[in-house]
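Shown below: target-v5.csv, with CSV, C-alpha atoms and all ligand atoms.
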chain,number,residue,atom,x,y,z
Q,1,MET,CA,-80.1,-2.5,-103.6
Q,2,ILE,CA,-80.3,-5.1,-100.8
Q,3,ALA,CA,-83.5,-6.5,-102.3
Q,4,GLU,CA,-81.9,-6.7,-105.7
Q,5,ASN,CA,-78.7,-8.3,-104.3
Q,6,LEU,CA,-80.8,-10.9,-102.5
Q,7,LYS,CA,-82.6,-11.8,-105.7
Q,8,THR,CA,-79.4,-12.1,-107.6
Q,9,VAL,CA,-77.8,-14.4,-105.0
Q,10,GLN,CA,-80.9,-16.6,-105.0
Q,11,LYS,CA,-80.9,-16.8,-108.7
Q,12,LYS,CA,-77.2,-17.7,-108.8
Q,13,ILE,CA,-77.8,-20.4,-106.2
Q,14,GLU,CA,-80.6,-21.9,-108.3
Q,15,GLU,CA,-78.3,-21.9,-111.4
Q,16,ALA,CA,-75.4,-23.5,-109.5
Q,17,LYS,CA,-77.8,-26.2,-108.3
Q,18,THR,CA,-78.4,-27.3,-111.9
Q,19,ARG,CA,-74.7,-27.4,-112.7
Q,20,GLY,CA,-73.4,-29.6,-109.8
Q,21,ALA,CA,-73.4,-33.4,-109.9
Q,22,HIS,CA,-73.6,-33.4,-106.1
Q,23,SER,CA,-75.6,-30.3,-105.5
Q,24,ALA,CA,-78.4,-30.4,-102.9
Q,25,LYS,CA,-82.1,-30.2,-103.8
Q,26,ASP,CA,-82.6,-27.5,-101.1
Q,27,VAL,CA,-80.1,-24.9,-100.4
Q,28,THR,CA,-80.7,-22.4,-97.6
Q,29,LEU,CA,-79.4,-18.9,-98.1
Q,30,ILE,CA,-78.2,-17.3,-94.8
Q,31,ALA,CA,-78.0,-13.6,-94.9
Q,32,VAL,CA,-74.9,-12.7,-92.9
Q,33,SER,CA,-75.9,-9.5,-91.3
Q,34,LYS,CA,-72.9,-8.9,-88.9
Q,35,THR,CA,-71.9,-5.2,-88.6
Q,36,ASN,CA,-74.9,-4.2,-90.7
Q,37,PRO,CA,-77.4,-1.8,-89.1
Q,38,ILE,CA,-81.0,-2.8,-88.3
Q,39,PRO,CA,-82.6,-0.9,-91.2
Q,40,ASP,CA,-80.6,-2.9,-93.6
Q,41,LEU,CA,-81.7,-6.1,-91.9
Q,42,LYS,CA,-85.3,-4.9,-92.2
Q,43,GLU,CA,-84.9,-4.2,-95.9
Q,44,ALA,CA,-83.6,-7.8,-96.4
Q,45,TYR,CA,-86.6,-9.0,-94.4
Q,46,ASP,CA,-89.1,-7.1,-96.5
Q,47,ALA,CA,-87.4,-8.7,-99.6
Q,48,GLY,CA,-88.0,-12.1,-98.1
Q,49,ALA,CA,-84.9,-13.0,-96.0
Q,50,ARG,CA,-85.8,-15.1,-93.0
Q,51,GLU,CA,-82.4,-16.8,-92.2
Q,52,TYR,CA,-79.8,-14.5,-90.7
Q,53,GLY,CA,-76.3,-15.2,-89.6
Q,54,GLU,CA,-74.3,-13.3,-87.0
Q,55,ASN,CA,-70.9,-14.0,-85.6
Q,56,ARG,CA,-70.9,-12.2,-82.3
Q,57,VAL,CA,-73.1,-13.1,-79.4
Q,58,GLN,CA,-73.6,-9.6,-78.1
Q,59,GLU,CA,-74.5,-8.2,-81.5
Q,60,LEU,CA,-76.9,-11.1,-82.0
Q,61,CYS,CA,-78.6,-10.5,-78.7
Q,62,GLU,CA,-79.0,-6.8,-79.4
Q,63,LYS,CA,-80.5,-7.4,-82.9
Q,64,ILE,CA,-83.0,-10.1,-82.1
Q,65,PRO,CA,-85.5,-8.0,-80.2
Q,66,GLU,CA,-85.4,-5.3,-82.9
Q,67,LEU,CA,-86.5,-7.6,-85.7
Q,68,PRO,CA,-89.6,-9.8,-86.5
Q,69,GLU,CA,-90.0,-13.0,-84.5
Q,70,ASP,CA,-90.1,-15.3,-87.5
Q,71,ILE,CA,-86.5,-14.7,-88.3
Q,72,ARG,CA,-84.3,-17.8,-87.9
Q,73,TRP,CA,-81.0,-16.8,-86.4
Q,74,HIS,CA,-77.8,-18.7,-86.9
Q,75,LEU,CA,-74.6,-18.2,-84.9
Q,76,ILE,CA,-71.8,-18.7,-87.4
Q,77,GLY,CA,-68.8,-17.2,-85.6
Q,78,HIS,CA,-66.5,-18.6,-82.9
Q,79,LEU,CA,-68.3,-19.2,-79.6
Q,80,GLN,CA,-66.7,-18.7,-76.3
Q,81,LYS,CA,-67.9,-21.0,-73.5
Q,82,ASN,CA,-68.9,-18.1,-71.2
Q,83,LYS,CA,-71.3,-16.8,-73.9
Q,84,VAL,CA,-73.2,-20.0,-74.5
Q,85,LYS,CA,-75.8,-19.2,-71.9
Q,86,TYR,CA,-77.0,-16.1,-73.8
Q,87,ILE,CA,-77.8,-17.9,-77.1
Q,88,VAL,CA,-78.7,-21.6,-76.6
Q,89,ASP,CA,-82.4,-20.7,-76.7
Q,90,GLN,CA,-82.1,-17.9,-79.2
Q,91,VAL,CA,-80.7,-19.5,-82.4
Q,92,VAL,CA,-81.9,-22.3,-84.6
Q,93,LEU,CA,-78.4,-23.5,-85.3
Q,94,ILE,CA,-74.9,-23.0,-83.9
Q,95,HIS,CA,-72.5,-23.5,-86.8
Q,96,SER,CA,-69.2,-23.3,-84.9
Q,97,VAL,CA,-68.8,-26.2,-82.4
Q,98,ASP,CA,-65.2,-27.3,-82.6
Q,99,SER,CA,-64.4,-28.9,-79.2
Q,100,PHE,CA,-66.0,-31.3,-76.9
Q,101,GLU,CA,-65.7,-28.8,-74.0
Q,102,LEU,CA,-67.8,-26.3,-75.9
Q,103,ALA,CA,-70.4,-29.0,-76.7
Q,104,GLU,CA,-70.5,-29.9,-73.0
Q,105,GLU,CA,-71.2,-26.3,-72.0
Q,106,ILE,CA,-74.0,-26.2,-74.6
Q,107,GLU,CA,-75.4,-29.3,-73.0
Q,108,LYS,CA,-75.3,-27.8,-69.6
Q,109,GLN,CA,-77.0,-24.6,-70.6
Q,110,ALA,CA,-79.6,-26.5,-72.7
Q,111,VAL,CA,-80.6,-28.5,-69.7
Q,112,LYS,CA,-81.0,-25.3,-67.6
Q,113,LYS,CA,-83.2,-23.7,-70.3
Q,114,ASN,CA,-84.9,-27.0,-71.1
Q,115,VAL,CA,-84.2,-26.8,-74.9
Q,116,ASP,CA,-82.6,-29.0,-77.5
Q,117,VAL,CA,-79.8,-27.4,-79.5
Q,118,SER,CA,-78.9,-28.1,-83.1
Q,119,VAL,CA,-75.2,-27.6,-83.9
Q,120,LEU,CA,-72.7,-28.1,-86.7
Q,121,ILE,CA,-69.1,-29.2,-86.2
Q,122,GLU,CA,-66.8,-26.6,-87.6
Q,123,VAL,CA,-64.0,-28.1,-89.6
Q,124,ASN,CA,-60.8,-26.3,-90.6
Q,125,MET,CA,-60.6,-27.9,-94.0
Q,126,GLY,CA,-57.9,-25.6,-95.4
Q,127,GLY,CA,-55.6,-26.3,-92.4
Q,128,GLU,CA,-55.0,-22.5,-91.9
Q,129,GLU,CA,-53.4,-21.7,-88.5
Q,130,SER,CA,-55.6,-18.6,-88.2
Q,131,LYS,CA,-58.9,-20.4,-88.5
Q,132,PHE,CA,-61.1,-22.0,-85.8
Q,133,GLY,CA,-62.4,-25.5,-86.4
Q,134,CYS,CA,-61.3,-29.1,-85.7
Q,135,LYS,CA,-59.0,-30.9,-88.0
Q,136,PRO,CA,-60.7,-33.0,-90.7
Q,137,GLU,CA,-59.1,-36.2,-89.2
Q,138,ASP,CA,-60.4,-35.4,-85.7
Q,139,THR,CA,-64.0,-34.7,-86.8
Q,140,LEU,CA,-65.4,-38.3,-86.6
Q,141,GLU,CA,-64.0,-38.7,-83.1
Q,142,LEU,CA,-65.5,-35.4,-82.0
Q,143,ALA,CA,-68.8,-36.3,-83.5
Q,144,ARG,CA,-68.8,-39.6,-81.5
Q,145,ARG,CA,-68.0,-37.8,-78.3
Q,146,ILE,CA,-70.7,-35.2,-78.8
Q,147,SER,CA,-73.3,-37.8,-79.8
Q,148,VAL,CA,-73.7,-38.9,-76.1
Q,149,LEU,CA,-74.9,-35.4,-75.0
Q,150,PRO,CA,-78.7,-35.8,-75.0
Q,151,HIS,CA,-79.6,-32.1,-75.7
Q,152,VAL,CA,-77.0,-31.4,-78.3
Q,153,HIS,CA,-77.7,-32.6,-81.8
Q,154,VAL,CA,-75.1,-32.5,-84.5
Q,155,LYS,CA,-76.8,-31.8,-87.8
Q,156,GLY,CA,-73.8,-31.6,-90.1
Q,157,LEU,CA,-70.6,-29.8,-90.8
Q,158,MET,CA,-69.5,-26.2,-91.4
Q,159,THR,CA,-66.3,-24.8,-92.8
Q,160,VAL,CA,-64.9,-21.4,-93.6
Q,161,ALA,CA,-62.8,-22.0,-96.7
Q,162,PRO,CA,-59.6,-20.0,-97.3
Q,163,PHE,CA,-59.9,-16.6,-98.8
Q,164,VAL,CA,-59.0,-16.9,-102.5
Q,165,GLU,CA,-59.1,-14.7,-105.6
Q,166,ASP,CA,-60.5,-17.5,-107.8
Q,167,PRO,CA,-63.3,-19.5,-106.2
Q,168,GLU,CA,-62.3,-22.6,-108.2
Q,169,GLU,CA,-59.3,-22.9,-105.8
Q,170,ASN,CA,-61.8,-23.8,-103.1
Q,171,ARG,CA,-63.5,-26.5,-105.1
Q,172,PRO,CA,-61.3,-29.3,-103.7
Q,173,VAL,CA,-61.9,-27.9,-100.2
Q,174,PHE,CA,-65.7,-28.2,-100.6
Q,175,ARG,CA,-65.4,-31.6,-102.3
Q,176,GLU,CA,-63.4,-33.0,-99.3
Q,177,MET,CA,-65.8,-31.5,-96.9
Q,178,ARG,CA,-68.7,-33.4,-98.6
Q,179,GLU,CA,-66.7,-36.6,-98.7
Q,180,LEU,CA,-65.9,-36.2,-95.0
Q,181,SER,CA,-69.6,-35.8,-94.2
Q,182,VAL,CA,-70.5,-38.8,-96.3
Q,183,ASP,CA,-67.8,-40.9,-94.4
Q,184,ILE,CA,-69.1,-39.8,-91.0
Q,185,ASP,CA,-72.7,-40.5,-92.1
Q,186,LYS,CA,-71.8,-44.0,-93.0
Q,187,GLU,CA,-70.8,-44.7,-89.4
Q,188,ASN,CA,-74.5,-44.4,-88.4
Q,189,ILE,CA,-73.8,-42.8,-85.0
Q,190,ASP,CA,-76.9,-42.3,-82.8
Q,191,ASN,CA,-77.9,-38.7,-82.4
Q,192,ILE,CA,-75.6,-37.5,-85.3
Q,193,SER,CA,-76.9,-36.5,-88.7
Q,194,MET,CA,-74.9,-35.2,-91.6
Q,195,GLY,CA,-77.8,-33.6,-93.5
Q,196,VAL,CA,-76.3,-30.0,-93.3
Q,197,LEU,CA,-73.2,-28.8,-95.1
Q,198,SER,CA,-72.7,-25.1,-94.3
Q,199,MET,CA,-70.1,-23.8,-96.8
Q,200,GLY,CA,-69.6,-21.0,-99.2
Q,201,MET,CA,-69.5,-17.3,-98.7
Q,202,THR,CA,-69.8,-14.3,-101.1
Q,203,GLY,CA,-66.7,-15.1,-103.0
Q,204,ASP,CA,-67.3,-18.8,-103.6
Q,205,TYR,CA,-70.9,-19.9,-102.8
Q,206,GLU,CA,-71.7,-20.9,-106.3
Q,207,VAL,CA,-68.8,-23.4,-106.3
Q,208,ALA,CA,-69.9,-24.6,-102.8
Q,209,VAL,CA,-73.4,-25.2,-104.1
Q,210,GLU,CA,-72.1,-27.1,-107.1
Q,211,GLU,CA,-70.2,-29.3,-104.6
Q,212,GLY,CA,-73.1,-30.0,-102.3
Q,213,ALA,CA,-73.6,-27.1,-99.8
Q,214,THR,CA,-77.0,-27.2,-98.2
Q,215,MET,CA,-76.4,-23.8,-96.5
Q,216,VAL,CA,-74.4,-20.8,-97.9
Q,217,ARG,CA,-73.5,-17.8,-95.7
Q,218,VAL,CA,-73.5,-14.6,-97.8
Q,219,GLY,CA,-72.9,-11.2,-96.3
Q,220,THR,CA,-71.1,-8.8,-98.6
Q,221,GLY,CA,-73.0,-10.1,-101.6
Q,222,ILE,CA,-76.3,-9.1,-100.0
Q,223,PHE,CA,-75.5,-6.1,-97.7
Q,224,GLY,CA,-72.5,-4.7,-99.5
Q,225,GLU,CA,-69.1,-4.0,-98.0
Q,226,ARG,CA,-69.0,-4.1,-94.2
Q,227,ASN,CA,-68.0,-1.0,-92.3
Q,228,TYR,CA,-66.5,-2.2,-89.1
Q,229,ASN,CA,-66.3,1.4,-87.7
Q,230,LEU,CA,-70.1,1.9,-87.5
Q,231,GLY,CA,-70.6,-0.3,-84.4
Q,232,VAL,CA,-74.1,-1.5,-83.8
O,1,LIG,C1,-68.6,-12.9,-92.3
O,1,LIG,C2,-68.8,-14.3,-92.5
O,1,LIG,C3,-69.5,-14.8,-93.6
O,1,LIG,C4,-69.9,-14.0,-94.8
O,1,LIG,O1,-68.8,-13.4,-95.5
O,1,LIG,P1,-69.0,-12.6,-96.9
O,1,LIG,O2,-67.7,-12.8,-97.5
O,1,LIG,O3,-69.3,-11.2,-96.5
O,1,LIG,O4,-70.1,-13.3,-97.6
O,1,LIG,C5,-69.7,-16.2,-93.7
O,1,LIG,N1,-69.3,-17.0,-92.7
O,1,LIG,C6,-68.7,-16.6,-91.6
O,1,LIG,C7,-68.4,-17.6,-90.5
O,1,LIG,C8,-68.5,-15.2,-91.4
O,1,LIG,O5,-67.9,-14.8,-90.3

Hey, can you dump this file as structure tokens for me?
Amino acid sequence: MIAENLKTVQKKIEEAKTRGAHSAKDVTLIAVSKTNPIPDLKEAYDAGAREYGENRVQELCEKIPELPEDIRWHLIGHLQKNKVKYIVDQVVLIHSVDSFELAEEIEKQAVKKNVDVSVLIEVNMGGEESKFGCKPEDTLELARRISVLPHVHVKGLMTVAPFVEDPEENRPVFREMRELSVDIDKENIDNISMGVLSMGMTGDYEVAVEEGATMVRVGTGIFGERNYNLGV
């Protein structure tokens, strides 16, 4: 089932790429494995998945030693400053930097561990109160501030679009996100790149790819409905 789902999602991404005027040449599928048990992650691995996304630091740290070393782990959920030290040298990309204070803590821990850390700035494109992320109009300024931190490297933007029944409703959100990244890119800020656009989830990843996503984060569409009671 998981193997089949993975194939289906990959196929749909390829198809979406051919439809979008702004779609990226390479789109990375991140298998969002939060709440899913280790055997399911192994099944996805055997089917070819190598990029995994988790949203909780503790769960991430428990899963990493249980799985093959060539997996590239992404932290996609909100990150508290006191948890940064556990993951700076464990993940390939932190998708959820939304304040200078958090970036500063990442810098501090990166120095201690002698690593460079790639991050995305999380933008709250939909303006929803309940969501993390910096405001679109504050993103450029935040990027400028983070750019001076020598061990923190902004690689692009991430957004969690509103939950909608019809994915078309999120098309303008994804479009604005791409436009924002193009605008920031034009500023040519040292140590800032806008190559990554992490947007699109199970319900709307095809639209996101059409609008230029370079990373999509798909959980339910690969692993099935999450059961939050299982624990990990
Ligand atoms: C859970 C989660 C996803 C995946 O959600 P699905 O709808 O199951 O695909 C993507 N991004 C973030 C930040 C998440 O927390």

*Can you find the residues with an atom no farther than 12 Å from (-77.5, -27.7, -73.0), counting only C-alpha atoms, and report them as a ChimeraX atom specification?*
/Q:81,84-89,101-119,146,149-153

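Taking atom C2 of ligand LIG 1 (chain O) as the reference point, CA of Tyr228 in chain Q is found at 12.8 Å.
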
Taking all atoms listed in the file into account, produce a table as a Markdown table in which each residue of chain Q with an atom at most 9 Å from an atom of ligand LIG 1 (chain O) appears once, together with its shortest atom pair and the distance in Å to one decimal, ordered by chain and rising number.
| residue | atom | partner | partner_atom | distance |
| --- | --- | --- | --- | --- |
| Q:Ile30 | CA | O:LIG1 | C5 | 8.6 |
| Q:Ala31 | CA | O:LIG1 | C4 | 8.1 |
| Q:Val32 | CA | O:LIG1 | C4 | 5.5 |
| Q:Ser33 | CA | O:LIG1 | C1 | 8.1 |
| Q:Lys34 | CA | O:LIG1 | C1 | 6.8 |
| Q:Gly53 | CA | O:LIG1 | C5 | 7.8 |
| Q:Glu54 | CA | O:LIG1 | O5 | 7.4 |
| Q:Asn55 | CA | O:LIG1 | O5 | 5.6 |
| Q:Arg56 | CA | O:LIG1 | O5 | 8.9 |
| Q:Leu75 | CA | O:LIG1 | C7 | 8.4 |
| Q:Ile76 | CA | O:LIG1 | C7 | 4.7 |
| Q:Gly77 | CA | O:LIG1 | C7 | 4.9 |
| Q:His78 | CA | O:LIG1 | C7 | 7.9 |
| Q:His95 | CA | O:LIG1 | C7 | 8.1 |
| Q:Ser96 | CA | O:LIG1 | C7 | 8.0 |
| Q:Met158 | CA | O:LIG1 | C7 | 8.7 |
| Q:Thr159 | CA | O:LIG1 | C7 | 7.8 |
| Q:Val160 | CA | O:LIG1 | C7 | 6.0 |
| Q:Phe163 | CA | O:LIG1 | O2 | 8.8 |
| Q:Ser198 | CA | O:LIG1 | N1 | 8.9 |
| Q:Met199 | CA | O:LIG1 | N1 | 8.0 |
| Q:Gly200 | CA | O:LIG1 | C5 | 7.3 |
| Q:Met201 | CA | O:LIG1 | O4 | 4.2 |
| Q:Thr202 | CA | O:LIG1 | O4 | 3.7 |
| Q:Gly203 | CA | O:LIG1 | O2 | 6.0 |
| Q:Asp204 | CA | O:LIG1 | O2 | 8.6 |
| Q:Tyr205 | CA | O:LIG1 | O4 | 8.4 |
| Q:Val216 | CA | O:LIG1 | C5 | 7.8 |
| Q:Arg217 | CA | O:LIG1 | C5 | 4.6 |
| Q:Val218 | CA | O:LIG1 | O4 | 3.6 |
| Q:Gly219 | CA | O:LIG1 | O3 | 3.6 |
| Q:Thr220 | CA | O:LIG1 | O3 | 3.7 |
| Q:Gly221 | CA | O:LIG1 | O4 | 5.9 |
| Q:Ile222 | CA | O:LIG1 | O4 | 7.9 |
| Q:Phe223 | CA | O:LIG1 | O3 | 8.1 |
| Q:Gly224 | CA | O:LIG1 | O3 | 7.8 |
| Q:Glu225 | CA | O:LIG1 | O3 | 7.4 |
| Q:Arg226 | CA | O:LIG1 | O3 | 7.5 |

*Calculate how many Å separate CA of Leu142 in chain Q from CA of Arg175 in chain Q, rounding to one decimal.*
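Result for CA of Leu142 in chain Q versus CA of Arg175 in chain Q: 20.7 Å, one decimal.
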
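Non-sequential neighbours of Glu4 in chain Q (distance at most 10 Å, separation of 6 or more positions within a chain, all atoms listed in the file) are Gln10, Ala44, Ala47 and Ile222 of chain Q.
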
*Mind checking which residues fall within 10 Å of Val148 in chain Q, counting all atoms listed in the file, ignoring those fewer than 6 positions away in the same chain, and posting them as a list in words?*
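Those residues are Ile189, Asp190, Asn191 and Ile192 of chain Q.
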
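Minimum atom-to-atom distance to Glu14 in chain Q, evaluated using only C-alpha atoms, belongs to Q:Leu29 out of Q:Asp70, Q:Met1, Q:Leu29, Q:Asn170.
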
*How many Å lie between CA of Asp138 in chain Q and CA of Ala161 in chain Q, rounded to one decimal?*
17.5 Å

*Go through Q:Glu137, Q:Asp185, Q:Asp40, Q:Glu128 one by one, measure the shortest atom-to-atom distance of each to Tyr52 in chain Q using only C-alpha atoms, and give the residue with the smallest value.*
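Nearest to Tyr52 in chain Q: Q:Asp40.
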
*Any idea what's packed within 8 Å of Ala143 in chain Q, counting all atoms listed in the file, ignoring anything in its chain fewer than 2 positions away? Could you give it as a list in words?*
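That gives Ile121, Thr139, Leu140, Glu141, Arg145, Ile146, Ser147, Val154 and Ile192 of chain Q.
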
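Surrounding residues of (-59.2, -25.1, -93.7) at most 10 Å away are Q:Glu122, Q:Val123, Q:Asn124, Q:Met125, Q:Gly126, Q:Gly127, Q:Glu128, Q:Glu129, Q:Ser130, Q:Lys131, Q:Phe132, Q:Gly133, Q:Cys134, Q:Lys135, Q:Pro136, Q:Thr159, Q:Val160, Q:Ala161, Q:Pro162, Q:Phe163, Q:Asn170, Q:Val173, Q:Phe174, Q:Met177 (based on only C-alpha atoms).
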
*Would you mind telling me which residue in Q:Lys83, Q:Arg171, Q:Lys186, Q:Lys63 lies nearest to Thr35 in chain Q when using only C-alpha atoms?*
Q:Lys63

_Residue nearest Thr28 in chain Q - candidates Q:Val164, Q:Leu93, Q:Leu67, Q:Met215, atoms counted: all atoms listed in the file_ =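 Smallest separation from Thr28 in chain Q among the options: Q:Met215.
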
*Which residues come within 6 Å of Leu197 in chain Q, counting only C-alpha atoms, excluding same-chain residues fewer than 5 positions away, as JSON, numbers by chain?*
{"Q": [156, 157, 158, 213, 214]}
